[in-house]
Every structure is written in C-alpha cells, then in structure tokens.
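Trainee: What follows is input_7.cif; its format and atoms are mmCIF, C-alpha atoms and all ligand atoms.
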```cif
data_entry
#
loop_
_atom_site.label_atom_id
_atom_site.label_comp_id
_atom_site.auth_asym_id
_atom_site.auth_seq_id
_atom_site.Cartn_x
_atom_site.Cartn_y
_atom_site.Cartn_z
CA MET A 308 -43.88 -26.92 -3.12
CA GLN A 309 -45.51 -30.32 -2.69
CA GLU A 310 -44.98 -33.05 -5.24
CA GLN A 311 -47.88 -35.16 -6.45
CA LYS A 312 -47.66 -38.71 -5.25
CA GLY A 313 -49.88 -41.74 -4.74
CA GLU A 314 -51.64 -41.50 -1.36
CA SER A 315 -50.91 -45.08 -0.35
CA SER A 316 -47.16 -45.04 -0.85
CA PRO A 317 -45.41 -41.69 -0.82
CA SER A 318 -42.03 -42.05 -2.49
CA ILE A 319 -39.01 -40.03 -1.56
CA SER A 320 -38.41 -38.10 -4.73
CA SER A 321 -37.22 -34.57 -4.04
CA LEU A 322 -33.75 -33.52 -5.14
CA SER A 323 -32.84 -32.48 -1.62
CA ILE A 324 -34.06 -35.37 0.45
CA VAL A 325 -33.30 -33.82 3.84
CA GLN A 326 -33.42 -30.10 4.45
CA MET A 327 -32.76 -28.40 7.79
CA ASN A 328 -33.11 -24.68 8.28
CA GLY A 329 -32.03 -23.11 11.57
CA VAL A 330 -32.71 -26.31 13.50
CA SER A 331 -32.11 -26.25 17.25
CA ALA A 332 -33.01 -29.10 19.58
CA SER A 333 -33.22 -29.55 23.31
CA TYR A 334 -34.08 -32.45 25.59
CA ASP A 335 -34.86 -30.38 28.67
CA SER A 336 -35.98 -27.04 27.17
CA LYS A 337 -33.04 -25.34 28.98
CA GLU A 338 -29.97 -26.22 26.98
CA TYR A 339 -29.73 -26.69 23.23
CA VAL A 340 -27.85 -29.82 22.21
CA LEU A 341 -28.11 -28.76 18.54
CA LYS A 342 -27.88 -25.12 17.52
CA ASN A 343 -29.00 -23.46 14.32
CA ILE A 344 -28.20 -26.37 11.99
CA GLN A 345 -28.33 -25.74 8.24
CA MET A 346 -28.17 -28.97 6.28
CA SER A 347 -29.11 -30.05 2.79
CA ILE A 348 -28.64 -33.68 1.79
CA SER A 349 -29.04 -34.62 -1.88
CA ARG A 350 -31.02 -37.65 -2.95
CA GLY A 351 -28.68 -40.61 -3.46
CA ALA A 352 -25.86 -39.00 -1.49
CA ASN A 353 -23.59 -40.75 0.91
CA TYR A 354 -23.57 -38.21 3.72
CA ALA A 355 -21.58 -38.54 6.94
CA ILE A 356 -21.86 -36.80 10.28
CA VAL A 357 -18.74 -36.67 12.42
CA GLY A 358 -18.06 -35.16 15.83
CA GLN A 359 -16.86 -35.83 19.32
CA SER A 360 -18.93 -37.75 21.85
CA GLY A 361 -21.90 -35.68 23.04
CA SER A 362 -21.71 -33.26 20.09
CA GLY A 363 -25.27 -34.13 18.98
CA LYS A 364 -24.82 -36.65 16.15
CA SER A 365 -27.40 -39.19 17.33
CA THR A 366 -29.81 -36.35 18.06
CA LEU A 367 -29.50 -35.24 14.43
CA LEU A 368 -30.49 -38.71 13.20
CA ARG A 369 -33.42 -38.79 15.65
CA LEU A 370 -34.68 -35.52 14.17
CA ILE A 371 -34.55 -36.90 10.62
CA ASN A 372 -36.36 -40.04 11.72
CA GLY A 373 -39.12 -38.11 13.50
CA MET A 374 -38.21 -39.62 16.87
CA MET A 375 -37.94 -36.08 18.21
CA SER A 376 -38.91 -32.64 16.95
CA PRO A 377 -36.78 -29.52 16.72
CA THR A 378 -37.30 -26.86 19.38
CA LYS A 379 -36.61 -24.19 16.76
CA GLY A 380 -36.29 -24.17 12.99
CA LYS A 381 -37.63 -26.49 10.33
CA ILE A 382 -36.72 -29.92 9.07
CA MET A 383 -38.17 -31.49 5.94
CA VAL A 384 -37.72 -35.05 4.71
CA ASP A 385 -38.99 -35.21 1.15
CA TYR A 386 -41.04 -32.05 1.84
CA ASN A 387 -42.64 -33.69 4.88
CA ILE A 388 -42.13 -32.55 8.44
CA PRO A 389 -40.99 -35.64 10.38
CA ASN A 390 -43.82 -36.36 12.79
CA PRO A 391 -44.83 -39.96 13.54
CA SER A 392 -48.41 -38.98 14.38
CA ASP A 393 -48.83 -37.64 10.82
CA LYS A 394 -50.19 -40.48 8.65
CA LYS A 395 -48.25 -39.39 5.58
CA PHE A 396 -44.94 -39.24 7.41
CA LYS A 397 -45.67 -42.60 9.03
CA SER A 398 -45.65 -44.32 5.64
CA LEU A 399 -42.52 -42.40 4.74
CA MET A 400 -40.91 -43.63 7.97
CA HIS A 401 -41.17 -47.18 6.64
CA LYS A 402 -38.85 -46.09 3.85
CA ILE A 403 -36.27 -44.91 6.36
CA GLY A 404 -34.05 -47.77 7.51
CA TYR A 405 -32.82 -46.58 10.89
CA ILE A 406 -29.98 -48.44 12.57
CA PRO A 407 -29.60 -47.12 16.12
CA GLN A 408 -26.27 -46.83 17.90
CA ASN A 409 -27.00 -49.97 19.97
CA LEU A 410 -28.26 -51.77 16.81
CA GLY A 411 -31.61 -52.60 18.47
CA LEU A 412 -31.36 -56.36 17.83
CA ILE A 413 -33.30 -59.01 19.75
CA LYS A 414 -30.44 -61.09 21.08
CA ASN A 415 -32.41 -64.25 21.92
CA SER A 416 -34.02 -64.41 18.48
CA THR A 417 -32.46 -65.79 15.34
CA VAL A 418 -30.82 -63.78 12.60
CA LEU A 419 -33.76 -64.42 10.26
CA GLU A 420 -36.35 -63.42 12.88
CA ASN A 421 -34.49 -60.17 13.50
CA VAL A 422 -34.18 -59.40 9.81
CA LEU A 423 -37.86 -60.09 9.13
CA ILE A 424 -38.79 -57.34 11.58
CA GLY A 425 -37.90 -55.00 8.70
CA ALA A 426 -40.77 -56.55 6.70
CA LEU A 427 -43.40 -56.08 9.45
CA PRO A 428 -44.88 -52.86 7.98
CA ARG A 429 -45.90 -54.91 4.92
CA VAL A 430 -47.67 -57.59 6.97
CA SER A 431 -51.25 -56.76 7.76
CA GLY A 432 -53.42 -57.08 10.89
CA PHE A 433 -53.56 -60.51 12.46
CA ASN A 434 -50.48 -61.82 10.65
CA SER A 435 -48.47 -58.87 11.83
CA PHE A 436 -49.48 -59.57 15.47
CA PHE A 437 -48.22 -63.16 15.16
CA LYS A 438 -45.27 -62.09 13.02
CA LYS A 439 -46.39 -64.42 10.23
CA PHE A 440 -44.51 -63.78 6.99
CA SER A 441 -45.23 -65.02 3.49
CA ASP A 442 -42.81 -67.37 1.72
CA SER A 443 -41.80 -64.58 -0.63
CA GLU A 444 -40.91 -62.31 2.33
CA ILE A 445 -38.83 -65.12 3.83
CA ASP A 446 -37.11 -65.76 0.49
CA ASN A 447 -36.38 -62.07 0.13
CA ALA A 448 -34.96 -61.88 3.67
CA LYS A 449 -32.69 -64.85 2.92
CA LYS A 450 -31.54 -63.18 -0.29
CA ILE A 451 -30.61 -60.07 1.68
CA LEU A 452 -28.80 -62.17 4.30
CA LYS A 453 -26.67 -63.50 1.45
CA GLN A 454 -26.15 -59.97 0.12
CA VAL A 455 -24.73 -58.82 3.50
CA GLY A 456 -22.55 -61.93 3.87
CA LEU A 457 -24.63 -63.88 6.40
CA GLN A 458 -25.46 -66.92 4.29
CA GLY A 459 -25.77 -70.04 6.45
CA LYS A 460 -26.40 -67.96 9.59
CA ALA A 461 -30.19 -67.49 9.31
CA GLU A 462 -31.05 -69.80 12.21
CA ARG A 463 -28.28 -68.65 14.55
CA LYS A 464 -29.25 -66.71 17.66
CA VAL A 465 -27.98 -63.15 17.59
CA TYR A 466 -26.15 -63.41 20.94
CA MET A 467 -23.84 -65.99 19.34
CA LEU A 468 -22.64 -63.63 16.62
CA SER A 469 -19.49 -61.54 16.40
CA GLY A 470 -19.65 -57.75 16.52
CA GLY A 471 -19.23 -57.51 12.74
CA GLU A 472 -21.96 -60.10 12.13
CA LYS A 473 -24.36 -58.23 14.42
CA ARG A 474 -23.80 -55.10 12.33
CA ARG A 475 -24.60 -57.12 9.20
CA VAL A 476 -27.88 -58.30 10.79
CA ALA A 477 -28.86 -54.71 11.56
CA ILE A 478 -28.03 -53.69 7.97
CA ALA A 479 -30.05 -56.64 6.59
CA ARG A 480 -33.05 -55.69 8.78
CA ALA A 481 -32.89 -52.14 7.41
CA LEU A 482 -32.56 -53.38 3.79
CA VAL A 483 -35.54 -55.75 4.18
CA GLN A 484 -37.59 -52.61 4.82
CA LYS A 485 -36.92 -51.70 1.13
CA PRO A 486 -35.78 -48.28 2.32
CA GLU A 487 -34.92 -45.18 0.37
CA ILE A 488 -32.89 -43.68 3.19
CA ILE A 489 -30.51 -45.50 5.53
CA LEU A 490 -29.68 -43.80 8.82
CA ALA A 491 -26.82 -45.59 10.53
CA ASP A 492 -25.50 -44.45 13.89
CA GLU A 493 -21.85 -45.44 14.37
CA ILE A 494 -22.33 -48.78 12.68
CA VAL A 495 -18.59 -49.41 12.37
CA SER A 496 -17.36 -47.90 15.63
CA GLU A 497 -15.35 -50.24 17.84
CA LEU A 498 -14.65 -52.63 14.97
CA ASP A 499 -11.16 -53.37 13.75
CA HIS A 500 -9.97 -51.53 10.64
CA VAL A 501 -10.52 -54.48 8.24
CA THR A 502 -14.01 -55.42 9.52
CA ALA A 503 -15.08 -51.76 9.55
CA ARG A 504 -14.20 -51.43 5.87
CA GLU A 505 -15.89 -54.74 5.00
CA ILE A 506 -19.11 -53.44 6.58
CA MET A 507 -18.73 -50.10 4.79
CA GLU A 508 -18.33 -51.97 1.49
CA VAL A 509 -21.55 -53.95 2.16
CA LEU A 510 -23.37 -50.66 2.73
CA ALA A 511 -21.76 -48.96 -0.28
CA GLU A 512 -22.81 -51.82 -2.55
CA ALA A 513 -26.36 -51.85 -1.21
CA GLN A 514 -26.50 -48.10 -1.63
CA ALA A 515 -25.44 -48.32 -5.27
CA THR A 516 -27.67 -51.25 -6.24
CA MET A 517 -30.75 -50.12 -4.30
CA LYS A 518 -30.25 -46.40 -5.06
CA LEU A 519 -30.34 -45.35 -1.43
CA THR A 520 -29.44 -42.16 0.35
CA ALA A 521 -27.10 -43.03 3.21
CA ILE A 522 -26.73 -40.77 6.22
CA MET A 523 -24.16 -42.21 8.56
CA VAL A 524 -22.69 -41.08 11.84
CA HIS A 525 -19.00 -41.87 12.31
CA HIS A 526 -16.33 -41.23 14.89
CA ASP A 527 -13.48 -41.60 12.43
CA LEU A 528 -13.06 -38.62 10.09
CA GLN A 529 -10.70 -40.46 7.76
CA LEU A 530 -13.16 -43.32 7.23
CA ALA A 531 -16.00 -40.83 6.74
CA LEU A 532 -14.03 -38.94 4.08
CA GLU A 533 -13.15 -42.21 2.37
CA TYR A 534 -16.77 -43.20 1.80
CA ALA A 535 -18.92 -40.08 1.97
CA ASP A 536 -19.54 -37.39 -0.67
CA ARG A 537 -20.02 -34.88 2.12
CA VAL A 538 -19.03 -34.90 5.77
CA ALA A 539 -20.74 -32.59 8.27
CA VAL A 540 -18.58 -31.85 11.27
CA ILE A 541 -20.55 -31.17 14.46
CA LYS A 542 -18.93 -29.47 17.44
CA GLU A 543 -20.89 -28.85 20.64
CA GLY A 544 -24.17 -28.90 18.75
CA GLU A 545 -23.06 -26.66 15.89
CA LYS A 546 -22.29 -27.67 12.34
CA VAL A 547 -18.86 -26.11 12.01
CA LEU A 548 -17.82 -27.57 8.67
CA GLU A 549 -19.11 -29.46 5.69
CA ILE A 550 -16.23 -31.05 3.85
CA GLY A 551 -15.55 -33.61 1.16
CA VAL A 552 -12.80 -34.94 -1.04
CA GLU A 553 -12.39 -33.47 -4.50
CA GLY A 554 -9.59 -35.04 -6.51
CA ASP A 555 -6.84 -35.40 -3.94
CA LYS A 556 -7.91 -32.43 -1.80
CA ILE A 557 -10.23 -31.91 1.17
CA VAL A 558 -12.60 -29.07 0.31
CA ASP A 559 -14.68 -26.88 2.64
CA PHE A 560 -18.18 -26.76 1.09
CA GLN A 561 -19.84 -24.85 3.92
CA SER A 562 -18.05 -21.50 3.89
CA GLY A 563 -15.30 -22.07 1.33
CA ASN A 564 -13.01 -20.25 3.76
CA TYR A 565 -10.83 -23.08 4.97
CA THR A 566 -7.95 -24.68 3.14
CA GLN A 567 -7.10 -28.35 3.51
CA THR A 568 -4.21 -27.47 5.83
CA GLU A 569 -6.51 -25.41 8.09
CA ILE A 570 -9.14 -28.18 8.17
CA LEU A 571 -6.56 -30.78 9.13
CA GLU A 572 -5.08 -28.44 11.76
CA MET A 573 -8.54 -28.09 13.36
CA PHE A 574 -8.70 -31.85 13.78
CA THR A 575 -5.16 -32.15 15.07
CA ASN A 576 -5.94 -29.47 17.69
CA GLU A 577 -9.23 -31.14 18.57
CA SER A 578 -7.63 -34.53 19.23
CA LYS A 579 -5.13 -32.79 21.58
CA GLU A 580 -7.96 -31.19 23.63
N1 LIG B 601 -32.58 -38.69 26.10
C1 LIG B 601 -31.81 -37.66 26.46
N2 LIG B 601 -32.17 -36.86 27.49
C2 LIG B 601 -31.39 -35.81 27.86
N3 LIG B 601 -30.24 -35.47 27.26
C3 LIG B 601 -29.83 -36.24 26.23
C4 LIG B 601 -30.59 -37.37 25.78
N4 LIG B 601 -29.93 -37.94 24.75
C5 LIG B 601 -28.83 -37.20 24.56
N5 LIG B 601 -28.76 -36.19 25.44
C6 LIG B 601 -27.69 -35.17 25.53
O1 LIG B 601 -27.62 -34.49 24.28
C7 LIG B 601 -26.27 -34.25 23.91
C8 LIG B 601 -26.02 -34.85 22.53
O2 LIG B 601 -26.21 -36.26 22.63
P1 LIG B 601 -26.06 -37.23 21.38
O3 LIG B 601 -26.44 -38.57 21.86
O4 LIG B 601 -26.79 -36.66 20.24
O5 LIG B 601 -24.49 -37.12 21.13
P2 LIG B 601 -23.56 -37.97 20.15
O6 LIG B 601 -22.78 -36.98 19.34
O7 LIG B 601 -24.36 -38.96 19.43
O8 LIG B 601 -22.56 -38.68 21.19
P3 LIG B 601 -21.85 -40.14 21.09
O9 LIG B 601 -20.73 -40.00 20.09
O10 LIG B 601 -21.34 -40.36 22.48
O11 LIG B 601 -22.89 -41.14 20.69
C9 LIG B 601 -25.40 -34.85 25.03
O12 LIG B 601 -25.04 -33.80 25.89
C10 LIG B 601 -26.33 -35.81 25.72
O13 LIG B 601 -26.02 -35.91 27.09
MG MG B 602 -24.42 -40.99 19.43
#
```
Represent the supplied structure as structure tokens.
Ligand SMILES: Nc1ncnc2c1ncn2[C@@H]1O[C@H](COP(=O)(O)OP(=O)(O)OP(=O)(O)O)[C@@H](O)[C@H]1O
Ligand SMILES: [Mg+2]
Mentor:
Amino acid sequence: MQEQKGESSPSISSLSIVQMNGVSASYDSKEYVLKNIQMSISRGANYAIVGQSGSGKSTLLRLINGMMSPTKGKIMVDYNIPNPSDKKFKSLMHKIGYIPQNLGLIKNSTVLENVLIGALPRVSGFNSFFKKFSDSEIDNAKKILKQVGLQGKAERKVYMLSGGEKRRVAIARALVQKPEIILADEIVSELDHVTAREIMEVLAEAQATMKLTAIMVHHDLQLALEYADRVAVIKEGEKVLEIGVEGDKIVDFQSGNYTQTEILEMFTNESKE
C-alpha cells in the first residue's frame, strides 16, 4: 500500500517506519552476517540495537540507510525500498540523519562547517559546490549548536574538541538535516557514564521536540533499556530478543517466552563467554 505524497518531498508518514521481513545480508556472498531478521519499528519510537562486537549492528543501520542491500528478504523504510539510485528514496535519505560509528567529522574544519554539511542537500547547484550557505541556514545551524550544548564553539576546529563535544557536533550535523529518522551507531560508547547520559539526554530532547524516530546502536544493555522503548538484541547476526521495560519489569516482546530472570541470565552468561 503506497501513501499519496508530494513528489518533491516525500515525508515519512507510515505507522511502521522501518519494516524488515526475513532480511539476510552478506558482504562476500558466502557468509551471512545478518540472518532472517524480522523487525518493525514504530514511527516516533526510540529503538535500540544491542549486541556483541561483530554481531551485525552497524550492518543493520547500513541496510536501513540504503548503504547496502539485503541478500535475501525485504526492507521497507516508509514503504520505500532503500536504494540510493532510486530518486524517491534519495530524497527520503535526506530525512535520515545517519551518524556513523566513527562520526564522520572533518577534523580540520570548524564545528560550524561540519554542522552545515547537514544543510547541503538544501543548497542548490553552484552554491552547493562552493558550500555557500544562506544567512538563515547559518542562523539555524547556530541555533542547533546551542541546542546540543556547543554555544561559543562554532569556530573551533573539530580536532580540538573532547570526545563528548565531537559527539555533539555529529548530532548537530544530523539535526541540521531536519531529519525524521536518526540512526546513531554507538554514539555514546567509550564515554564516561556522566557524559554518555548527557549526550543521551540531548538526543532524547531533540527526539521529543522534533518528533523523530531514533534508532540507536549501543554496547551497554542497561543504558539502552533506560532510554529505548524497544531493544533488539542481536547475536551472531540473528535477532534473538526484542525487549523493553514495562513498569519495573523487563518484558520479552519478541516471543513472550522469556521472563525477566531468564533474560538477565542470558546476559550474565554472555558476559562470561
Ligand atoms: N565492509 C565489510 N566487508 C566485509 N565484512 C564486513 C564488512 N563490514 C563488516 N563486516 C563483517 O560483518 C560482521 C558484522 O559487522 P558489523 O560491523 O555489522 O558488526 P557490529 O555489531 O557493528 O560490531 P562492532 O560492535 O564491533 O561495531 C563482522 O563479522 C564483520 O567482520
Ligand atoms: Mg558496529
């Protein structure tokens, strides 16, 4: 079922914003790094993906972003198959604020220059080549820098920033895109407990005020459960659980078979492996 939308600017409007049915993915066509993934992410949700290193978390985000295609199965983002060579998905891609695991910042450029990269899709032709932005785009970028707690740092080169500040720049660049979905790959990993939560609060506030869907990869299950409505647990390429907190309990939404004690035992065993 395809929704009617304006041709020039497709908006992300379906109830289930990301839908994966039997998705498997491979980099070398020999071994699947993701296997038969079923996933349904509601519009406006704060969805987390957790798993050990190499389990396939970044690959999942790349599939949603259209950076790679599934080998088997189907993935839909607002009823569109992610495919950058498809014109319609290309405009949708501009509404996906993707923050890669390495942040993808230009270290020798200033904070403001990095953040304005998020506005590039709105700059046309010649101006886009010379990265020439209107005053209103610059004002908007500065407003977002304030929103993420980087006021007074616009002219600072990125290599001079702390780890937490660099994360804020990457968030600001994604927000300048005026996204409807944020994909963040381990944005708070390797940060201390306090800074990690400060960054999560910045994202949570942006999500609420800008009505975003957030899909975030985390290493820390506890942090993921603290902020996310749903947490998908990936193990060796398979989605083994989908859990969330209801009241004061951890609930298994995927099969309904596991109790909180069993879920926690799985993680205790995993960390011993
Ligand atoms: N470009 C690539 N070419 C070949 N194999 C890849 C490529 N990228 C990832 N892989 C492999 O795919 C599997 C899943 O990788 P992925 O990066 O999705 O894991 P991850 O869960 O994000 O791990 P981490 O927590 O370390 O970031 C790993 O076995 C990895 O070696
Ligand atoms: Mg990764």
Trainee: So which residues touch region 533-538 of chain A within 7 Å, counting all atoms listed in the file, skipping near sequence neighbours fewer than 6 positions away, as a list in words?
Mentor: Ala352, Asn353, Tyr354, Ala355, Ile356, Val357, Glu549, Ile550 and Gly551 of chain A
Trainee: Neighbouring residues of ligand MG 602 (chain B) are defined here as those with any atom at most 8 Å from a ligand atom, counting all atoms listed in the file; list them as a list of chain:residue names.
Mentor: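 Going residue by residue within 8 Å of ligand MG 602 (chain B), we get A:Ser360, A:Gly361, A:Gly363, A:Lys364, A:Ser365, A:Thr366, A:Gln408, A:Asp492, A:Glu493, A:Val524.
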Trainee: Emit the selected residues as a PDB file, in the frame of the given file, including C-alpha atoms.
Mentor:
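The resulting file, selection-v6.pdb, is shown below:
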```
ATOM      1  CA  SER A 360     -18.930 -37.750  21.850  1.00  0.00           C
ATOM      2  CA  GLY A 361     -21.900 -35.680  23.040  1.00  0.00           C
ATOM      3  CA  GLY A 363     -25.270 -34.130  18.980  1.00  0.00           C
ATOM      4  CA  LYS A 364     -24.820 -36.650  16.150  1.00  0.00           C
ATOM      5  CA  SER A 365     -27.400 -39.190  17.330  1.00  0.00           C
ATOM      6  CA  THR A 366     -29.810 -36.350  18.060  1.00  0.00           C
ATOM      7  CA  GLN A 408     -26.270 -46.830  17.900  1.00  0.00           C
ATOM      8  CA  ASP A 492     -25.500 -44.450  13.890  1.00  0.00           C
ATOM      9  CA  GLU A 493     -21.850 -45.440  14.370  1.00  0.00           C
ATOM     10  CA  VAL A 524     -22.690 -41.080  11.840  1.00  0.00           C
TER      11      VAL A 524
END
```
Trainee: What's the 7 Å shell around region 369-374 of chain A, counting all atoms listed in the file, without same-chain residues fewer than 4 positions away, as a ChimeraX atom specification?
Mentor: /A:365,384,389-391,400
Trainee: May I ask which of the residues A:Gly470, A:Gly411, A:Gly425, A:Gly544 is the closest one to ligand LIG 601 (chain B), counting all atoms listed in the file?
Mentor: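 Smallest distance to ligand LIG 601 (chain B) is found for A:Gly544.
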Trainee: Return the single residue from A:Leu410, A:Leu490, A:Lys449, A:Phe440 that is closest to Glu472 (chain A), with distances computed using only C-alpha atoms.
Mentor: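 Answer, going by the shortest atom-to-atom distance: A:Leu410.
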Trainee: So how many Å separate atom O8 of ligand LIG 601 (chain B) and CA of Gly358 (chain A), to one decimal?
Mentor: 7.8 Å
Trainee: Just how far from CA of Leu482 (chain A) is CA of Ile403 (chain A), in Å to one decimal?
Mentor: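 Distance between the two atoms: 9.6 Å.
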Trainee: Smallest atom-to-atom distance to ligand LIG 601 (chain B): which of A:Ala479, A:Ile541, A:Leu452, A:Val501, using only C-alpha atoms and all ligand atoms?
Mentor: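 Of the candidates, the smallest distance to ligand LIG 601 (chain B) is held by A:Ile541.
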Trainee: Figure out the distance between CA of Ile488 (chain A) and CA of Tyr405 (chain A), please, to one decimal in Å.
Mentor: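 CA of Ile488 (chain A) lies 8.2 Å from CA of Tyr405 (chain A).
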Trainee: My list of candidates is A:Ala461, A:Gln484, A:Arg475, A:Asn409. Which is closest to Ala426 (chain A) when distances are computed with only C-alpha atoms?
Mentor: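 Ranked by minimum distance to Ala426 (chain A), first place goes to A:Gln484.
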Trainee: Kindly reconstruct region 317-342 of chain A with N, CA and C atoms and present the result as a compact mmCIF listing (two decimals), in the frame of the given file.
Mentor:
```
# COMPACT_ATOMS: atom_id res chain seq x y z
N PRO A 317 -46.17 -42.85 -0.40
CA PRO A 317 -45.41 -41.69 -0.82
C PRO A 317 -43.97 -42.08 -1.09
N SER A 318 -43.41 -41.69 -2.24
CA SER A 318 -42.03 -42.05 -2.49
C SER A 318 -41.16 -40.83 -2.26
N ILE A 319 -39.91 -41.11 -1.89
CA ILE A 319 -39.01 -40.03 -1.56
C ILE A 319 -38.37 -39.57 -2.87
N SER A 320 -38.79 -38.42 -3.36
CA SER A 320 -38.41 -38.10 -4.73
C SER A 320 -37.78 -36.73 -4.90
N SER A 321 -37.76 -35.91 -3.83
CA SER A 321 -37.22 -34.57 -4.04
C SER A 321 -35.71 -34.61 -4.21
N LEU A 322 -35.18 -33.59 -4.89
CA LEU A 322 -33.75 -33.52 -5.14
C LEU A 322 -32.98 -33.47 -3.82
N SER A 323 -33.44 -32.55 -2.95
CA SER A 323 -32.84 -32.48 -1.62
C SER A 323 -33.72 -33.30 -0.70
N ILE A 324 -33.21 -34.42 -0.27
CA ILE A 324 -34.06 -35.37 0.45
C ILE A 324 -34.25 -34.96 1.92
N VAL A 325 -33.20 -34.35 2.47
CA VAL A 325 -33.30 -33.82 3.84
C VAL A 325 -32.87 -32.37 3.83
N GLN A 326 -33.70 -31.54 4.42
CA GLN A 326 -33.42 -30.10 4.45
C GLN A 326 -33.63 -29.61 5.88
N MET A 327 -32.61 -28.99 6.44
CA MET A 327 -32.76 -28.40 7.79
C MET A 327 -32.44 -26.92 7.71
N ASN A 328 -33.34 -26.12 8.24
CA ASN A 328 -33.11 -24.68 8.28
C ASN A 328 -33.19 -24.19 9.71
N GLY A 329 -32.09 -23.69 10.21
CA GLY A 329 -32.03 -23.11 11.57
C GLY A 329 -32.54 -24.04 12.65
N VAL A 330 -32.17 -25.32 12.56
CA VAL A 330 -32.71 -26.31 13.50
C VAL A 330 -31.93 -26.31 14.82
N SER A 331 -32.67 -26.11 15.90
CA SER A 331 -32.11 -26.25 17.25
C SER A 331 -32.94 -27.29 17.99
N ALA A 332 -32.28 -28.05 18.85
CA ALA A 332 -33.01 -29.10 19.58
C ALA A 332 -32.55 -29.16 21.02
N SER A 333 -33.50 -29.49 21.88
CA SER A 333 -33.22 -29.55 23.31
C SER A 333 -33.98 -30.72 23.92
N TYR A 334 -33.38 -31.37 24.90
CA TYR A 334 -34.08 -32.45 25.59
C TYR A 334 -34.81 -31.94 26.83
N ASP A 335 -34.29 -30.82 27.39
CA ASP A 335 -34.86 -30.38 28.67
C ASP A 335 -35.40 -28.95 28.62
N SER A 336 -35.50 -28.40 27.44
CA SER A 336 -35.98 -27.04 27.17
C SER A 336 -35.13 -25.96 27.88
N LYS A 337 -33.95 -26.34 28.39
CA LYS A 337 -33.04 -25.34 28.98
C LYS A 337 -31.84 -25.15 28.08
N GLU A 338 -31.23 -26.29 27.73
CA GLU A 338 -29.97 -26.22 26.98
C GLU A 338 -30.15 -26.83 25.59
N TYR A 339 -29.66 -26.13 24.58
CA TYR A 339 -29.73 -26.69 23.23
C TYR A 339 -28.59 -27.66 23.00
N VAL A 340 -28.92 -28.87 22.54
CA VAL A 340 -27.85 -29.82 22.21
C VAL A 340 -27.51 -29.73 20.72
N LEU A 341 -28.41 -29.11 19.93
CA LEU A 341 -28.11 -28.76 18.54
C LEU A 341 -28.49 -27.30 18.35
N LYS A 342 -27.65 -26.56 17.63
CA LYS A 342 -27.88 -25.12 17.52
C LYS A 342 -27.82 -24.67 16.07
```
